[in-house]
>>> print(open('model_38.csv').read())   # CSV, C-alpha atoms and all ligand atoms
chain,number,residue,atom,x,y,z
A,1071,MET,CA,0.9,-69.9,-72.5
A,1072,ALA,CA,0.0,-69.6,-68.9
A,1073,ASP,CA,0.1,-65.8,-69.2
A,1074,LYS,CA,-2.7,-65.9,-71.7
A,1075,ILE,CA,-5.0,-67.5,-69.2
A,1076,LYS,CA,-3.6,-65.5,-66.2
A,1077,ASP,CA,-6.4,-63.0,-66.0
A,1078,ALA,CA,-9.3,-65.3,-66.5
A,1079,LYS,CA,-11.1,-66.7,-63.5
A,1080,ILE,CA,-10.7,-70.3,-62.8
A,1081,ILE,CA,-13.4,-72.2,-61.0
A,1082,PHE,CA,-13.1,-75.8,-59.9
A,1083,VAL,CA,-16.4,-77.7,-59.9
A,1084,VAL,CA,-16.1,-80.7,-57.6
A,1085,GLY,CA,-18.7,-83.2,-56.5
A,1086,GLY,CA,-19.6,-86.8,-56.7
A,1087,PRO,CA,-20.7,-88.6,-59.8
A,1088,GLY,CA,-24.2,-87.6,-60.6
A,1089,SER,CA,-24.2,-84.7,-58.1
A,1090,GLY,CA,-25.3,-82.3,-60.8
A,1091,LYS,CA,-22.0,-80.6,-61.8
A,1092,GLY,CA,-22.7,-80.7,-65.5
A,1093,THR,CA,-26.3,-79.4,-65.0
A,1094,GLN,CA,-25.1,-76.4,-63.0
A,1095,CYS,CA,-22.2,-75.7,-65.3
A,1096,GLU,CA,-24.6,-75.4,-68.3
A,1097,LYS,CA,-26.6,-72.8,-66.4
A,1098,VAL,CA,-23.4,-70.8,-65.5
A,1099,VAL,CA,-22.5,-70.8,-69.1
A,1100,ALA,CA,-25.9,-69.4,-70.1
A,1101,LYS,CA,-25.8,-66.7,-67.5
A,1102,TYR,CA,-22.1,-65.7,-67.3
A,1103,GLY,CA,-20.7,-66.8,-70.6
A,1104,TYR,CA,-17.9,-68.7,-68.9
A,1105,THR,CA,-16.2,-71.6,-70.7
A,1106,HIS,CA,-17.3,-75.0,-69.4
A,1107,LEU,CA,-14.6,-77.7,-69.6
A,1108,SER,CA,-15.7,-81.1,-68.4
A,1109,SER,CA,-12.7,-83.3,-68.0
A,1110,GLY,CA,-15.0,-86.4,-68.4
A,1111,ASP,CA,-16.4,-84.9,-71.7
A,1112,LEU,CA,-12.9,-84.2,-73.0
A,1113,LEU,CA,-12.0,-87.8,-72.3
A,1114,ARG,CA,-15.2,-89.2,-73.9
A,1115,ALA,CA,-14.5,-87.1,-77.0
A,1116,GLU,CA,-11.1,-88.8,-77.2
A,1117,VAL,CA,-12.7,-92.2,-76.8
A,1118,SER,CA,-15.2,-91.4,-79.6
A,1119,SER,CA,-12.4,-90.4,-82.0
A,1120,GLY,CA,-11.4,-94.1,-82.0
A,1121,SER,CA,-7.8,-93.3,-81.5
A,1122,GLU,CA,-5.3,-95.7,-79.9
A,1123,ARG,CA,-5.2,-93.5,-76.8
A,1124,GLY,CA,-9.0,-93.3,-76.8
A,1125,MET,CA,-9.2,-97.1,-76.6
A,1126,GLN,CA,-6.9,-97.2,-73.6
A,1127,LEU,CA,-8.9,-94.5,-71.9
A,1128,GLN,CA,-12.2,-96.3,-72.5
A,1129,ALA,CA,-10.9,-99.4,-70.6
A,1130,ILE,CA,-10.0,-97.3,-67.6
A,1131,MET,CA,-13.2,-95.3,-67.6
A,1132,GLN,CA,-15.4,-98.4,-67.9
A,1133,LYS,CA,-13.9,-99.6,-64.7
A,1134,GLY,CA,-14.5,-96.3,-62.9
A,1135,GLU,CA,-10.8,-95.8,-62.3
A,1136,LEU,CA,-8.8,-92.6,-62.8
A,1137,VAL,CA,-7.1,-91.8,-66.1
A,1138,PRO,CA,-3.4,-90.8,-65.6
A,1139,LEU,CA,-3.0,-87.3,-64.4
A,1140,ASP,CA,-0.9,-86.0,-67.3
A,1141,THR,CA,-3.4,-87.1,-69.9
A,1142,VAL,CA,-6.3,-85.2,-68.4
A,1143,LEU,CA,-4.3,-82.2,-67.5
A,1144,ASP,CA,-2.8,-81.8,-71.0
A,1145,MET,CA,-6.4,-82.0,-72.5
A,1146,ILE,CA,-7.7,-79.4,-70.1
A,1147,LYS,CA,-4.7,-77.1,-70.8
A,1148,ASP,CA,-5.0,-77.4,-74.6
A,1149,ALA,CA,-8.8,-76.6,-74.3
A,1150,MET,CA,-8.0,-73.6,-72.1
A,1151,ILE,CA,-5.4,-72.2,-74.5
A,1152,ALA,CA,-7.8,-72.6,-77.4
A,1153,LYS,CA,-10.3,-70.3,-75.6
A,1154,ALA,CA,-7.9,-68.0,-73.7
A,1155,ASP,CA,-8.5,-65.0,-75.9
A,1156,VAL,CA,-12.3,-65.0,-75.6
A,1157,SER,CA,-12.9,-66.4,-72.1
A,1158,LYS,CA,-13.6,-64.4,-69.0
A,1159,GLY,CA,-13.7,-67.5,-66.9
A,1160,PHE,CA,-13.3,-71.2,-66.9
A,1161,LEU,CA,-15.4,-73.8,-65.2
A,1162,ILE,CA,-13.2,-76.9,-64.7
A,1163,ASP,CA,-15.8,-79.6,-64.1
A,1164,GLY,CA,-14.7,-83.0,-62.7
A,1165,TYR,CA,-11.1,-82.0,-62.0
A,1166,PRO,CA,-9.2,-82.2,-59.7
A,1167,ARG,CA,-10.1,-85.8,-58.8
A,1168,GLU,CA,-7.3,-86.0,-56.2
A,1169,VAL,CA,-5.1,-83.5,-54.4
A,1170,LYS,CA,-2.2,-84.2,-56.6
A,1171,GLN,CA,-4.2,-83.3,-59.7
A,1172,GLY,CA,-4.9,-79.9,-58.1
A,1173,GLU,CA,-1.3,-79.3,-57.3
A,1174,GLU,CA,-0.2,-80.1,-60.8
A,1175,PHE,CA,-2.9,-77.9,-62.3
A,1176,GLU,CA,-1.7,-75.0,-60.3
A,1177,LYS,CA,1.9,-75.6,-61.3
A,1178,LYS,CA,1.1,-75.8,-65.0
A,1179,ILE,CA,-1.9,-73.4,-65.4
A,1180,GLY,CA,-2.9,-71.3,-62.4
A,1181,ALA,CA,-4.7,-71.1,-59.1
A,1182,PRO,CA,-8.5,-71.3,-58.8
A,1183,CYS,CA,-10.4,-68.4,-57.2
A,1184,LEU,CA,-13.4,-70.5,-56.2
A,1185,LEU,CA,-14.2,-74.2,-55.7
A,1186,LEU,CA,-17.9,-75.0,-56.1
A,1187,TYR,CA,-18.6,-78.1,-54.0
A,1188,ILE,CA,-21.7,-79.7,-55.4
A,1189,ASP,CA,-23.0,-81.8,-52.6
A,1190,ALA,CA,-25.6,-84.6,-52.8
A,1191,LYS,CA,-26.2,-87.7,-50.7
A,1192,ALA,CA,-24.8,-91.0,-52.0
A,1193,GLU,CA,-28.3,-92.4,-52.5
A,1194,THR,CA,-29.3,-89.4,-54.5
A,1195,MET,CA,-26.3,-89.7,-56.7
A,1196,VAL,CA,-26.9,-93.4,-57.4
A,1197,MET,CA,-30.6,-92.7,-58.2
A,1198,ARG,CA,-29.7,-89.9,-60.6
A,1199,LEU,CA,-27.0,-91.9,-62.3
A,1200,MET,CA,-29.3,-95.0,-62.8
A,1201,LYS,CA,-31.9,-92.7,-64.3
A,1202,ARG,CA,-29.3,-91.0,-66.5
A,1203,GLY,CA,-28.0,-94.4,-67.5
A,1204,GLU,CA,-31.4,-95.1,-69.2
A,1205,THR,CA,-30.6,-92.6,-71.9
A,1206,SER,CA,-27.0,-91.4,-71.6
A,1207,GLY,CA,-25.4,-94.3,-73.4
A,1208,ARG,CA,-22.5,-93.9,-71.0
A,1209,ALA,CA,-20.6,-97.2,-70.5
A,1210,ASP,CA,-20.0,-96.2,-66.9
A,1211,ASP,CA,-23.6,-95.4,-65.9
A,1212,ASN,CA,-24.3,-98.9,-64.6
A,1213,GLU,CA,-24.7,-100.2,-61.1
A,1214,GLU,CA,-21.3,-101.8,-60.7
A,1215,THR,CA,-19.3,-98.9,-62.1
A,1216,ILE,CA,-21.4,-96.4,-60.3
A,1217,LYS,CA,-20.4,-98.0,-57.0
A,1218,LYS,CA,-16.7,-97.9,-57.9
A,1219,ARG,CA,-16.9,-94.2,-58.9
A,1220,LEU,CA,-18.6,-93.4,-55.7
A,1221,ASP,CA,-16.0,-95.2,-53.6
A,1222,LEU,CA,-13.2,-93.5,-55.4
A,1223,TYR,CA,-14.9,-90.1,-55.0
A,1224,TYR,CA,-15.0,-90.5,-51.2
A,1225,LYS,CA,-11.5,-91.8,-51.0
A,1226,ALA,CA,-9.6,-89.6,-53.5
A,1227,THR,CA,-11.7,-86.6,-54.3
A,1228,GLU,CA,-13.2,-85.5,-51.0
A,1229,PRO,CA,-9.7,-84.7,-49.7
A,1230,VAL,CA,-9.5,-82.2,-52.5
A,1231,ILE,CA,-12.2,-80.2,-50.8
A,1232,ALA,CA,-10.5,-80.1,-47.5
A,1233,PHE,CA,-7.3,-79.1,-49.2
A,1234,TYR,CA,-8.9,-76.0,-50.7
A,1235,GLU,CA,-11.0,-75.3,-47.6
A,1236,SER,CA,-7.9,-74.2,-45.8
A,1237,ARG,CA,-7.5,-71.5,-48.5
A,1238,GLY,CA,-11.1,-70.2,-47.9
A,1239,ILE,CA,-12.2,-70.6,-51.5
A,1240,VAL,CA,-14.7,-73.5,-51.0
A,1241,ARG,CA,-18.5,-72.8,-51.4
A,1242,LYS,CA,-20.6,-75.8,-50.5
A,1243,ILE,CA,-23.8,-76.0,-52.6
A,1244,ASP,CA,-26.7,-78.2,-51.5
A,1245,SER,CA,-27.5,-80.1,-54.6
A,1246,GLU,CA,-30.5,-81.9,-53.1
A,1247,LEU,CA,-32.7,-78.9,-53.9
A,1248,PRO,CA,-34.5,-78.4,-57.3
A,1249,VAL,CA,-32.1,-77.4,-60.1
A,1250,ASP,CA,-33.1,-73.7,-60.2
A,1251,GLU,CA,-32.7,-73.3,-56.4
A,1252,VAL,CA,-29.3,-75.0,-56.6
A,1253,PHE,CA,-28.4,-72.5,-59.3
A,1254,GLY,CA,-29.4,-69.6,-57.1
A,1255,HIS,CA,-26.7,-70.6,-54.7
A,1256,VAL,CA,-24.2,-71.2,-57.4
A,1257,ALA,CA,-24.9,-67.7,-58.8
A,1258,LYS,CA,-24.5,-66.1,-55.4
A,1259,ALA,CA,-21.0,-67.7,-55.1
A,1260,ILE,CA,-20.0,-66.4,-58.5
A,1261,ASP,CA,-21.4,-62.9,-58.0
A,1262,ALA,CA,-19.3,-62.7,-54.8
A,1263,LEU,CA,-16.1,-63.0,-56.9
A,1264,LYS,CA,-14.3,-59.7,-57.6
B,1,LIG,N1,-10.3,-85.8,-64.2
B,1,LIG,C1,-10.8,-86.9,-64.6
B,1,LIG,C2,-12.1,-86.9,-65.1
B,1,LIG,C3,-12.7,-88.1,-65.5
B,1,LIG,N2,-12.0,-89.3,-65.4
B,1,LIG,C4,-12.5,-90.6,-65.9
B,1,LIG,O1,-13.7,-90.4,-66.6
B,1,LIG,C5,-14.8,-91.0,-65.9
B,1,LIG,C6,-16.1,-90.1,-66.1
B,1,LIG,O2,-15.8,-88.8,-65.5
B,1,LIG,P1,-16.9,-87.8,-65.4
B,1,LIG,O3,-17.6,-87.5,-66.7
B,1,LIG,O4,-16.4,-86.6,-64.7
B,1,LIG,O5,-17.9,-88.6,-64.5
B,1,LIG,P2,-18.5,-88.4,-63.1
B,1,LIG,O6,-18.0,-87.3,-62.3
B,1,LIG,O7,-18.4,-89.8,-62.5
B,1,LIG,O8,-19.9,-88.1,-63.4
B,1,LIG,P3,-20.3,-87.0,-64.5
B,1,LIG,O9,-20.8,-86.8,-65.7
B,1,LIG,O10,-21.3,-87.8,-64.2
B,1,LIG,O11,-19.7,-85.8,-64.0
B,1,LIG,C7,-14.3,-91.2,-64.5
B,1,LIG,O12,-15.0,-92.2,-63.8
B,1,LIG,C8,-12.9,-91.5,-64.7
B,1,LIG,O13,-12.7,-92.8,-65.2
B,1,LIG,C9,-10.7,-89.2,-64.9
B,1,LIG,O14,-10.1,-90.3,-64.8
B,1,LIG,N3,-10.1,-88.1,-64.5
B,2,LIG,N1,-33.7,-83.7,-59.0
B,2,LIG,C1,-32.5,-83.2,-59.5
B,2,LIG,N2,-31.9,-83.8,-60.4
B,2,LIG,C2,-30.7,-83.3,-60.9
B,2,LIG,C3,-30.2,-82.1,-60.3
B,2,LIG,N3,-29.0,-81.8,-60.9
B,2,LIG,C4,-28.8,-82.8,-61.8
B,2,LIG,N4,-29.9,-83.7,-61.8
B,2,LIG,C5,-30.0,-84.9,-62.6
B,2,LIG,O1,-29.0,-85.8,-62.2
B,2,LIG,C6,-28.3,-86.4,-63.3
B,2,LIG,C7,-26.8,-86.1,-63.2
B,2,LIG,O2,-26.5,-84.8,-63.4
B,2,LIG,P1,-25.2,-84.3,-64.1
B,2,LIG,O3,-25.3,-82.8,-64.2
B,2,LIG,O4,-24.9,-85.1,-65.3
B,2,LIG,O5,-24.2,-84.6,-62.9
B,2,LIG,P2,-22.6,-84.8,-62.9
B,2,LIG,O6,-22.3,-86.2,-63.0
B,2,LIG,O7,-22.2,-84.2,-61.5
B,2,LIG,O8,-22.1,-84.0,-64.0
B,2,LIG,C8,-28.8,-85.8,-64.6
B,2,LIG,O9,-29.7,-86.8,-65.2
B,2,LIG,C9,-29.6,-84.6,-64.1
B,2,LIG,O10,-30.8,-84.4,-64.8
B,2,LIG,C10,-30.9,-81.4,-59.3
B,2,LIG,O11,-30.5,-80.4,-58.7
B,2,LIG,N5,-32.1,-82.0,-58.9
B,3,MG,MG,-20.8,-84.5,-65.7
>>> encode(input="model_38.csv", output="structure tokens")
Amino acid sequence: MADKIKDAKIIFVVGGPGSGKGTQCEKVVAKYGYTHLSSGDLLRAEVSSGSERGMQLQAIMQKGELVPLDTVLDMIKDAMIAKADVSKGFLIDGYPREVKQGEEFEKKIGAPCLLLYIDAKAETMVMRLMKRGETSGRADDNEETIKKRLDLYYKATEPVIAFYESRGIVRKIDSELPVDEVFGHVAKAIDALK
């Protein structure tokens, strides 16, 4: 299976909750035709299915905690295999959430060629999420859960960026700018890939 995906580019999209990962990924899909896999969306789809597993996931997500590593990784892997024949590249959005998740991904699937670090200030992220919460219907877009997601991001996910920085594949993107300007920088990072 892993050989099928071997030649496709793998891009990790990492940033805090509400930093704009999903927004930028959509634009990358439109311009480059890459496959966007949001780990959060995959989990929410499982929740919507009403399965037993979905109900367990919902309880974890509502608290802003991390779902067990194997669960998310299996979902990502299955989604990648399903697209392997047609995809030139994969945007892995919202994963890895902790260094261990990155290590397991590489063991089971492959190495990323780029990590897009979507960076916004904490207060910006909170503001965006509160706004998104007015219409998103997401059980975790509320003040209390947002705070927990942010705390966990700084504690568990930021170390992921340092881990890949030592490999020279991190591109830090200032996500305080207007969406199209942010995308300009994202596109530059992708164009630089060979
Ligand atoms: N690799 C992942 C991705 C998501 N989650 C769970 O799913 C929730 C929502 O994830 P996601 O959609 O990625 O949300 P955020 O990054 O917080 O924000 P977003 O839409 O806003 O990217 C997380 O809080 C977490 O409980 C997880 O455990 N592990
Ligand atoms: N002003 C501004 N808002 C943004 C930008 N990017 C995303 N948003 C808004 O911020 C919210 C969170 O964005 P989203 O892409 O869902 O972030 P994610 O949680 O990182 O996936 C959404 O409501 C977006 O409309 C940006 O560059 N500028
Ligand atoms: Mg998102």
>>> residues_near_ligand(input="model_38.csv", ligand="ligand LIG 2 (chain B)", cutoff="6 Å", atoms="all atoms listed in the file", output="list in words")
Pro1087, Gly1088, Ser1089, Gly1090, Lys1091, Gly1092, Thr1093, Arg1198, Leu1199, Arg1202, Ser1245, Glu1246, Leu1247, Pro1248, Val1249 and Val1252 of chain A
>>> atom_distance(input="model_38.csv", atom1="atom O5 of ligand LIG 1 (chain B)", atom2="atom CA of Arg1114 of chain A")
9.8 Å
>>> residues_near_ligand(input="model_38.csv", ligand="ligand LIG 1 (chain B)", cutoff="6 Å", atoms="all atoms listed in the file", output="VMD selection string")
chain A and resid 1086 to 1088 1109 to 1111 1130 to 1131 1134 to 1137 1142 1164 to 1167 1219
>>> closest_residue(input="model_38.csv", among="A:Leu1127, A:Ile1179, A:Val1240, A:Ile1188", to="Met1150 of chain A", atoms="only C-alpha atoms")
A:Ile1179
>>> closest_residue(input="model_38.csv", among="A:Ile1151, A:Glu1168, A:Gln1132, A:Lys1074", to="Leu1222 of chain A", atoms="only C-alpha atoms")
A:Glu1168
>>> residues_around(input="model_38.csv", residues="Leu1185 of chain A", least_positions_apart="5", cutoff="12 Å", atoms="all atoms listed in the file", output="VMD selection string")
chain A and resid 1079 to 1085 1091 1160 to 1166 1172 1230 to 1243 1256 1259 to 1260 1263
>>> closest_residue(input="model_38.csv", among="A:Lys1225, A:Arg1123, A:Lys1178, A:His1106", to="ligand MG 3 (chain B)", atoms="all atoms listed in the file")
A:His1106
>>> closest_residue(input="model_38.csv", among="A:Ala1257, A:Ala1129, A:Val1169, A:Leu1139", to="Thr1215 of chain A", atoms="only C-alpha atoms")
A:Ala1129
>>> closest_residue(input="model_38.csv", among="A:Arg1208, A:Lys1217, A:Lys1264, A:Lys1191", to="ligand MG 3 (chain B)", atoms="only C-alpha atoms and all ligand atoms")
A:Arg1208
>>> closest_residue(input="model_38.csv", among="A:Glu1122, A:Asp1244, A:Asp1210, A:Glu1204", to="ligand MG 3 (chain B)", atoms="only C-alpha atoms and all ligand atoms")
A:Asp1210
>>> residues_around(input="model_38.csv", residues="Gln1128 of chain A", least_positions_apart="6", cutoff="9 Å", atoms="all atoms listed in the file", output="ChimeraX atom specification")
/A:1113-1114,1116-1117,1209
>>> residues_around(input="model_38.csv", residues="Gly1103 of chain A", least_positions_apart="2", cutoff="9 Å", atoms="all atoms listed in the file", output="MDAnalysis selection string")
chainID A and resid 1098:1101 1105:1106 1157:1159
>>> atom_distance(input="model_38.csv", atom1="atom CA of Leu1143 of chain A", atom2="atom CA of Glu1214 of chain A")
26.8 Å
>>> atom_distance(input="model_38.csv", atom1="atom CA of Phe1175 of chain A", atom2="atom CA of Val1196 of chain A")
29.0 Å
>>> residues_near_point(input="model_38.csv", point="(-10.7, -82.5, -77.1)", cutoff="7 Å", atoms="only C-alpha atoms", output="list in words")
Leu1112, Ala1115, Glu1116, Met1145 and Ala1149 of chain A
>>> build_atoms(input="model_38.csv", residues="segment 1212-1223 of chain A", atoms="all heavy atoms", output="JSON list (two decimals), in the frame of the given file")
[["chain", "number", "residue", "atom", "x", "y", "z"],
["A", 1212, "ASN", "N", -23.68, -97.64, -65.02],
["A", 1212, "ASN", "CA", -24.30, -98.90, -64.60],
["A", 1212, "ASN", "C", -23.99, -99.17, -63.18],
["A", 1212, "ASN", "O", -23.04, -98.60, -62.63],
["A", 1212, "ASN", "CB", -23.81, -100.06, -65.51],
["A", 1212, "ASN", "CG", -22.32, -100.29, -65.32],
["A", 1212, "ASN", "OD1", -21.89, -100.83, -64.30],
["A", 1212, "ASN", "ND2", -21.52, -99.85, -66.26],
["A", 1213, "GLU", "N", -24.80, -100.03, -62.55],
["A", 1213, "GLU", "CA", -24.70, -100.20, -61.10],
["A", 1213, "GLU", "C", -23.32, -100.46, -60.57],
["A", 1213, "GLU", "O", -22.86, -99.84, -59.63],
["A", 1213, "GLU", "CB", -25.71, -101.27, -60.66],
["A", 1213, "GLU", "CG", -26.11, -101.15, -59.22],
["A", 1213, "GLU", "CD", -27.29, -102.05, -58.86],
["A", 1213, "GLU", "OE1", -27.86, -102.70, -59.77],
["A", 1213, "GLU", "OE2", -27.64, -102.09, -57.67],
["A", 1214, "GLU", "N", -22.65, -101.39, -61.23],
["A", 1214, "GLU", "CA", -21.30, -101.80, -60.70],
["A", 1214, "GLU", "C", -20.31, -100.68, -60.82],
["A", 1214, "GLU", "O", -19.57, -100.42, -59.87],
["A", 1214, "GLU", "CB", -20.88, -103.02, -61.57],
["A", 1214, "GLU", "CG", -19.75, -103.78, -60.92],
["A", 1214, "GLU", "CD", -19.13, -104.79, -61.88],
["A", 1214, "GLU", "OE1", -19.82, -105.21, -62.85],
["A", 1214, "GLU", "OE2", -17.95, -105.13, -61.69],
["A", 1215, "THR", "N", -20.28, -100.00, -61.97],
["A", 1215, "THR", "CA", -19.30, -98.90, -62.10],
["A", 1215, "THR", "C", -19.65, -97.72, -61.28],
["A", 1215, "THR", "O", -18.77, -97.04, -60.76],
["A", 1215, "THR", "CB", -19.16, -98.53, -63.62],
["A", 1215, "THR", "OG1", -18.99, -99.71, -64.41],
["A", 1215, "THR", "CG2", -17.96, -97.63, -63.84],
["A", 1216, "ILE", "N", -20.93, -97.47, -61.12],
["A", 1216, "ILE", "CA", -21.40, -96.40, -60.30],
["A", 1216, "ILE", "C", -20.82, -96.53, -58.85],
["A", 1216, "ILE", "O", -20.31, -95.59, -58.24],
["A", 1216, "ILE", "CB", -22.91, -96.23, -60.25],
["A", 1216, "ILE", "CG1", -23.42, -95.73, -61.60],
["A", 1216, "ILE", "CG2", -23.36, -95.30, -59.12],
["A", 1216, "ILE", "CD1", -24.93, -95.83, -61.77],
["A", 1217, "LYS", "N", -20.89, -97.74, -58.36],
["A", 1217, "LYS", "CA", -20.40, -98.00, -57.00],
["A", 1217, "LYS", "C", -18.92, -97.73, -56.90],
["A", 1217, "LYS", "O", -18.45, -97.12, -55.95],
["A", 1217, "LYS", "CB", -20.72, -99.46, -56.62],
["A", 1217, "LYS", "CG", -20.43, -99.71, -55.16],
["A", 1217, "LYS", "CD", -20.83, -101.07, -54.66],
["A", 1217, "LYS", "CE", -20.43, -101.25, -53.20],
["A", 1217, "LYS", "NZ", -19.05, -100.81, -52.88],
["A", 1218, "LYS", "N", -18.17, -98.14, -57.90],
["A", 1218, "LYS", "CA", -16.70, -97.90, -57.90],
["A", 1218, "LYS", "C", -16.42, -96.41, -57.97],
["A", 1218, "LYS", "O", -15.51, -95.91, -57.32],
["A", 1218, "LYS", "CB", -16.07, -98.61, -59.07],
["A", 1218, "LYS", "CG", -16.02, -100.10, -58.91],
["A", 1218, "LYS", "CD", -15.01, -100.68, -59.87],
["A", 1218, "LYS", "CE", -15.21, -102.16, -60.07],
["A", 1218, "LYS", "NZ", -14.85, -102.57, -61.43],
["A", 1219, "ARG", "N", -17.18, -95.69, -58.80],
["A", 1219, "ARG", "CA", -16.90, -94.20, -58.90],
["A", 1219, "ARG", "C", -17.22, -93.54, -57.62],
["A", 1219, "ARG", "O", -16.49, -92.62, -57.23],
["A", 1219, "ARG", "CB", -17.84, -93.67, -60.04],
["A", 1219, "ARG", "CG", -17.36, -94.03, -61.44],
["A", 1219, "ARG", "CD", -18.49, -94.05, -62.43],
["A", 1219, "ARG", "NE", -19.01, -92.73, -62.74],
["A", 1219, "ARG", "CZ", -20.18, -92.51, -63.34],
["A", 1219, "ARG", "NH1", -20.95, -93.52, -63.67],
["A", 1219, "ARG", "NH2", -20.58, -91.29, -63.59],
["A", 1220, "LEU", "N", -18.29, -93.98, -56.95],
["A", 1220, "LEU", "CA", -18.60, -93.40, -55.70],
["A", 1220, "LEU", "C", -17.51, -93.63, -54.63],
["A", 1220, "LEU", "O", -17.07, -92.72, -53.92],
["A", 1220, "LEU", "CB", -19.92, -93.94, -55.12],
["A", 1220, "LEU", "CG", -21.21, -93.19, -55.42],
["A", 1220, "LEU", "CD1", -22.37, -93.87, -54.73],
["A", 1220, "LEU", "CD2", -21.12, -91.73, -54.97],
["A", 1221, "ASP", "N", -17.07, -94.88, -54.54],
["A", 1221, "ASP", "CA", -16.00, -95.20, -53.60],
["A", 1221, "ASP", "C", -14.77, -94.38, -53.83],
["A", 1221, "ASP", "O", -14.18, -93.84, -52.90],
["A", 1221, "ASP", "CB", -15.62, -96.71, -53.73],
["A", 1221, "ASP", "CG", -16.70, -97.63, -53.16],
["A", 1221, "ASP", "OD1", -17.61, -97.11, -52.47],
["A", 1221, "ASP", "OD2", -16.63, -98.85, -53.40],
["A", 1222, "LEU", "N", -14.40, -94.26, -55.09],
["A", 1222, "LEU", "CA", -13.20, -93.50, -55.40],
["A", 1222, "LEU", "C", -13.40, -92.02, -55.12],
["A", 1222, "LEU", "O", -12.48, -91.34, -54.68],
["A", 1222, "LEU", "CB", -12.89, -93.70, -56.92],
["A", 1222, "LEU", "CG", -11.54, -93.19, -57.40],
["A", 1222, "LEU", "CD1", -10.40, -93.86, -56.63],
["A", 1222, "LEU", "CD2", -11.37, -93.44, -58.91],
["A", 1223, "TYR", "N", -14.61, -91.55, -55.33],
["A", 1223, "TYR", "CA", -14.90, -90.10, -55.00],
["A", 1223, "TYR", "C", -14.65, -89.88, -53.53],
["A", 1223, "TYR", "O", -13.95, -88.93, -53.17],
["A", 1223, "TYR", "CB", -16.35, -89.79, -55.37],
["A", 1223, "TYR", "CG", -16.76, -88.46, -54.80],
["A", 1223, "TYR", "CD1", -16.23, -87.28, -55.31],
["A", 1223, "TYR", "CD2", -17.61, -88.37, -53.70],
["A", 1223, "TYR", "CE1", -16.55, -86.06, -54.76],
["A", 1223, "TYR", "CE2", -17.94, -87.15, -53.15],
["A", 1223, "TYR", "CZ", -17.41, -85.99, -53.68],
["A", 1223, "TYR", "OH", -17.71, -84.78, -53.12]]
